[in-house]
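Inspection log for the structure reproduced underneath, given as structure tokens.
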Amino acid sequence: MASGPAKFVHEGASIDYTPGSDVLVGAVVVQAELVGVAQAPIKSGQLGSLAVAGVFDFPKVTGASSAISAGTNTFWDAGAQNATKNAASGANKLIGKTVKTTVDADTVVRVRMLQ
């Protein structure tokens, strides 16, 4: 039987990643439009993996108008190292949707990753 050009590799909850420098557990790694989270430390030059699916708590900016409602697209601001509801004209990369409403004073936001 003939087949198409695509070949199944794996479910895709995590992806292979070989960093150029050591990566700490919980580090958020941005590769173009793909955002992943290291679930274990990864040494420089060694193959590891990044989660690209699942529910994670990300640090969140605090202050006036920083609350994020459940179901809101949430983005990673690599410069500030926190999650925000502001896409910043594409500069911040989509993490996923919040699954729990936050208030301005909250320091974390719970996000279901969508890639």
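Residue numbers start at 1 in each chain; chains themselves are named A, B, ... in the order of the structure tokens; ligands are numbered from 1 in the order shown.
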Discussion item. Need the shell around Val35 of chain A: protein/DNA/RNA residues with any atom at most 7 Å away, counting only C-alpha atoms. Skip same-chain ones fewer than 4 positions apart. Format as number ranges by chain?
Written reply: A: 28-31, 52, 95
Could the residues in this selection be written to a file with all heavy atoms, as a PDB file, in the first residue's frame?
ATOM      1  N   VAL A  28      12.304  28.645  30.430  1.00  0.00           N
ATOM      2  CA  VAL A  28      11.453  28.805  29.259  1.00  0.00           C
ATOM      3  C   VAL A  28      12.371  29.079  28.070  1.00  0.00           C
ATOM      4  O   VAL A  28      13.177  30.001  28.102  1.00  0.00           O
ATOM      5  CB  VAL A  28      10.439  29.950  29.455  1.00  0.00           C
ATOM      6  CG1 VAL A  28       9.581  30.125  28.209  1.00  0.00           C
ATOM      7  CG2 VAL A  28       9.576  29.698  30.688  1.00  0.00           C
ATOM      8  N   VAL A  29      12.246  28.242  27.051  1.00  0.00           N
ATOM      9  CA  VAL A  29      13.101  28.336  25.873  1.00  0.00           C
ATOM     10  C   VAL A  29      12.243  28.704  24.670  1.00  0.00           C
ATOM     11  O   VAL A  29      11.251  28.048  24.385  1.00  0.00           O
ATOM     12  CB  VAL A  29      13.833  26.995  25.612  1.00  0.00           C
ATOM     13  CG1 VAL A  29      14.670  27.074  24.349  1.00  0.00           C
ATOM     14  CG2 VAL A  29      14.692  26.624  26.825  1.00  0.00           C
ATOM     15  N   VAL A  30      12.642  29.771  23.980  1.00  0.00           N
ATOM     16  CA  VAL A  30      11.921  30.224  22.794  1.00  0.00           C
ATOM     17  C   VAL A  30      12.774  29.928  21.567  1.00  0.00           C
ATOM     18  O   VAL A  30      13.936  30.335  21.495  1.00  0.00           O
ATOM     19  CB  VAL A  30      11.616  31.742  22.870  1.00  0.00           C
ATOM     20  CG1 VAL A  30      10.927  32.222  21.609  1.00  0.00           C
ATOM     21  CG2 VAL A  30      10.787  32.052  24.107  1.00  0.00           C
ATOM     22  N   GLN A  31      12.181  29.209  20.622  1.00  0.00           N
ATOM     23  CA  GLN A  31      12.821  28.923  19.334  1.00  0.00           C
ATOM     24  C   GLN A  31      11.870  29.438  18.259  1.00  0.00           C
ATOM     25  O   GLN A  31      10.882  28.778  17.962  1.00  0.00           O
ATOM     26  CB  GLN A  31      13.042  27.428  19.151  1.00  0.00           C
ATOM     27  CG  GLN A  31      13.956  26.810  20.207  1.00  0.00           C
ATOM     28  CD  GLN A  31      14.093  25.314  19.983  1.00  0.00           C
ATOM     29  OE1 GLN A  31      14.973  24.890  19.240  1.00  0.00           O
ATOM     30  NE2 GLN A  31      13.215  24.539  20.598  1.00  0.00           N
ATOM     31  N   VAL A  52       6.255  20.982  25.423  1.00  0.00           N
ATOM     32  CA  VAL A  52       5.545  21.950  24.599  1.00  0.00           C
ATOM     33  C   VAL A  52       4.031  21.785  24.751  1.00  0.00           C
ATOM     34  O   VAL A  52       3.252  22.416  24.042  1.00  0.00           O
ATOM     35  CB  VAL A  52       5.963  21.863  23.113  1.00  0.00           C
ATOM     36  CG1 VAL A  52       7.404  22.326  22.941  1.00  0.00           C
ATOM     37  CG2 VAL A  52       5.762  20.471  22.552  1.00  0.00           C
ATOM     38  N   ILE A  95       2.302  31.379  24.515  1.00  0.00           N
ATOM     39  CA  ILE A  95       2.512  30.201  25.359  1.00  0.00           C
ATOM     40  C   ILE A  95       1.286  29.305  25.252  1.00  0.00           C
ATOM     41  O   ILE A  95       1.369  28.116  25.047  1.00  0.00           O
ATOM     42  CB  ILE A  95       2.698  30.578  26.847  1.00  0.00           C
ATOM     43  CG1 ILE A  95       3.849  31.540  27.059  1.00  0.00           C
ATOM     44  CG2 ILE A  95       2.899  29.322  27.680  1.00  0.00           C
ATOM     45  CD1 ILE A  95       3.879  32.131  28.459  1.00  0.00           C
TER      46      ILE A  95
END
Practice prompt. Please report, as a ChimeraX atom specification, each residue of segment 27-100 of chain A to which DSSP assigns strand (DSSP E) when run on this structure's backbone.
Written response: /A:28-31,34-38,48-51,54-59,73-77,82-84,93-98
Item to complete: Excluding Val103 of chain A and residues on its chain fewer than 5 positions from it, collect all residues at most 8 Å away from it, counting only C-alpha atoms, and give them as a list in words.
Response: Ser66, Ala67 and Ile68 of chain A
Worksheet item: Which polymer residues have any atom within 12 Å of an atom of Arg110 of chain A, counting only C-alpha atoms, with same-chain residues fewer than 3 positions away left out, as a list of chain:residue names?
Response: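 The filter keeps A:Gly54, A:Val55, A:Phe56, A:Asp57, A:Phe58, A:Pro59, A:Lys60, A:Ile68, A:Ser69, A:Ala70, A:Gly71, A:Thr72, A:Asn73, A:Thr74, A:Phe75, A:Ala83, A:Thr84, A:Ile95, A:Gly96, A:Lys97, A:Thr98, A:Val99, A:Lys100, A:Thr101, A:Thr102, A:Asp106, A:Thr107, A:Met113.
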Discussion item. Using only C-alpha atoms, which protein or nucleic acid residues come within 12 Å of Tyr17 of chain A? Drop anything in the same chain fewer than 4 positions from it, and give the result as a list in words.
Written reply: Ser21, Asp22, Val23, Val29, Val30, Gln31, Leu34, Val35, Gly36, Val37, Ala38, Gln39, Ala40, Pro41, Ile42, Lys43, Ser44, Gly45, Gln46, Leu47, Gly48, Ser49, Leu50, Ala51 and Val52 of chain A
Just the selected residues (N, CA and C atoms), exported as a PDB file, in the first residue's frame, please.
ATOM      1  N   SER A  21      24.084  26.446  25.802  1.00  0.00           N
ATOM      2  CA  SER A  21      24.570  26.681  27.165  1.00  0.00           C
ATOM      3  C   SER A  21      23.649  25.927  28.114  1.00  0.00           C
ATOM      4  N   ASP A  22      24.106  25.717  29.338  1.00  0.00           N
ATOM      5  CA  ASP A  22      23.315  24.969  30.311  1.00  0.00           C
ATOM      6  C   ASP A  22      21.927  25.580  30.481  1.00  0.00           C
ATOM      7  N   VAL A  23      20.918  24.706  30.629  1.00  0.00           N
ATOM      8  CA  VAL A  23      19.537  25.128  30.814  1.00  0.00           C
ATOM      9  C   VAL A  23      19.051  24.577  32.147  1.00  0.00           C
ATOM     10  N   VAL A  29      12.246  28.242  27.051  1.00  0.00           N
ATOM     11  CA  VAL A  29      13.101  28.336  25.873  1.00  0.00           C
ATOM     12  C   VAL A  29      12.243  28.704  24.670  1.00  0.00           C
ATOM     13  N   VAL A  30      12.642  29.771  23.980  1.00  0.00           N
ATOM     14  CA  VAL A  30      11.921  30.224  22.794  1.00  0.00           C
ATOM     15  C   VAL A  30      12.774  29.928  21.567  1.00  0.00           C
ATOM     16  N   GLN A  31      12.181  29.209  20.622  1.00  0.00           N
ATOM     17  CA  GLN A  31      12.821  28.923  19.334  1.00  0.00           C
ATOM     18  C   GLN A  31      11.870  29.438  18.259  1.00  0.00           C
ATOM     19  N   LEU A  34       8.131  28.781  18.673  1.00  0.00           N
ATOM     20  CA  LEU A  34       7.928  27.608  19.523  1.00  0.00           C
ATOM     21  C   LEU A  34       8.468  27.874  20.926  1.00  0.00           C
ATOM     22  N   VAL A  35       7.597  27.734  21.931  1.00  0.00           N
ATOM     23  CA  VAL A  35       7.983  27.956  23.324  1.00  0.00           C
ATOM     24  C   VAL A  35       7.928  26.624  24.057  1.00  0.00           C
ATOM     25  N   GLY A  36       8.997  26.295  24.776  1.00  0.00           N
ATOM     26  CA  GLY A  36       9.051  25.059  25.548  1.00  0.00           C
ATOM     27  C   GLY A  36       9.582  25.308  26.937  1.00  0.00           C
ATOM     28  N   VAL A  37       9.364  24.340  27.818  1.00  0.00           N
ATOM     29  CA  VAL A  37       9.819  24.428  29.206  1.00  0.00           C
ATOM     30  C   VAL A  37      10.697  23.214  29.506  1.00  0.00           C
ATOM     31  N   ALA A  38      11.880  23.457  30.047  1.00  0.00           N
ATOM     32  CA  ALA A  38      12.773  22.366  30.432  1.00  0.00           C
ATOM     33  C   ALA A  38      12.232  21.708  31.698  1.00  0.00           C
ATOM     34  N   GLN A  39      11.988  20.402  31.628  1.00  0.00           N
ATOM     35  CA  GLN A  39      11.471  19.680  32.790  1.00  0.00           C
ATOM     36  C   GLN A  39      12.587  19.048  33.608  1.00  0.00           C
ATOM     37  N   ALA A  40      13.796  19.157  33.123  1.00  0.00           N
ATOM     38  CA  ALA A  40      14.992  18.689  33.830  1.00  0.00           C
ATOM     39  C   ALA A  40      16.148  19.565  33.348  1.00  0.00           C
ATOM     40  N   PRO A  41      17.215  19.670  34.124  1.00  0.00           N
ATOM     41  CA  PRO A  41      18.366  20.441  33.649  1.00  0.00           C
ATOM     42  C   PRO A  41      18.936  19.802  32.375  1.00  0.00           C
ATOM     43  N   ILE A  42      19.454  20.642  31.480  1.00  0.00           N
ATOM     44  CA  ILE A  42      20.081  20.152  30.254  1.00  0.00           C
ATOM     45  C   ILE A  42      21.462  20.796  30.149  1.00  0.00           C
ATOM     46  N   LYS A  43      22.484  19.986  30.037  1.00  0.00           N
ATOM     47  CA  LYS A  43      23.848  20.491  29.896  1.00  0.00           C
ATOM     48  C   LYS A  43      24.089  20.987  28.477  1.00  0.00           C
ATOM     49  N   SER A  44      24.932  21.982  28.352  1.00  0.00           N
ATOM     50  CA  SER A  44      25.300  22.532  27.056  1.00  0.00           C
ATOM     51  C   SER A  44      25.790  21.429  26.121  1.00  0.00           C
ATOM     52  N   GLY A  45      25.248  21.419  24.907  1.00  0.00           N
ATOM     53  CA  GLY A  45      25.685  20.461  23.909  1.00  0.00           C
ATOM     54  C   GLY A  45      25.125  19.063  24.072  1.00  0.00           C
ATOM     55  N   GLN A  46      24.307  18.836  25.090  1.00  0.00           N
ATOM     56  CA  GLN A  46      23.745  17.505  25.314  1.00  0.00           C
ATOM     57  C   GLN A  46      22.254  17.500  24.974  1.00  0.00           C
ATOM     58  N   LEU A  47      21.795  16.407  24.407  1.00  0.00           N
ATOM     59  CA  LEU A  47      20.405  16.266  24.039  1.00  0.00           C
ATOM     60  C   LEU A  47      19.526  16.187  25.281  1.00  0.00           C
ATOM     61  N   GLY A  48      18.490  17.001  25.298  1.00  0.00           N
ATOM     62  CA  GLY A  48      17.500  16.976  26.371  1.00  0.00           C
ATOM     63  C   GLY A  48      16.136  17.155  25.739  1.00  0.00           C
ATOM     64  N   SER A  49      15.153  17.530  26.553  1.00  0.00           N
ATOM     65  CA  SER A  49      13.827  17.735  25.984  1.00  0.00           C
ATOM     66  C   SER A  49      13.136  18.929  26.627  1.00  0.00           C
ATOM     67  N   LEU A  50      12.221  19.489  25.864  1.00  0.00           N
ATOM     68  CA  LEU A  50      11.396  20.600  26.317  1.00  0.00           C
ATOM     69  C   LEU A  50       9.938  20.183  26.218  1.00  0.00           C
ATOM     70  N   ALA A  51       9.170  20.479  27.254  1.00  0.00           N
ATOM     71  CA  ALA A  51       7.727  20.260  27.195  1.00  0.00           C
ATOM     72  C   ALA A  51       7.121  21.359  26.342  1.00  0.00           C
ATOM     73  N   VAL A  52       6.255  20.982  25.423  1.00  0.00           N
ATOM     74  CA  VAL A  52       5.545  21.950  24.599  1.00  0.00           C
ATOM     75  C   VAL A  52       4.031  21.785  24.751  1.00  0.00           C
TER      76      VAL A  52
END
Worksheet entry | Two-atom distance - atom CA of Asn86 of chain A, atom CA of Gln115 of chain A (Å) | 17.3 Å
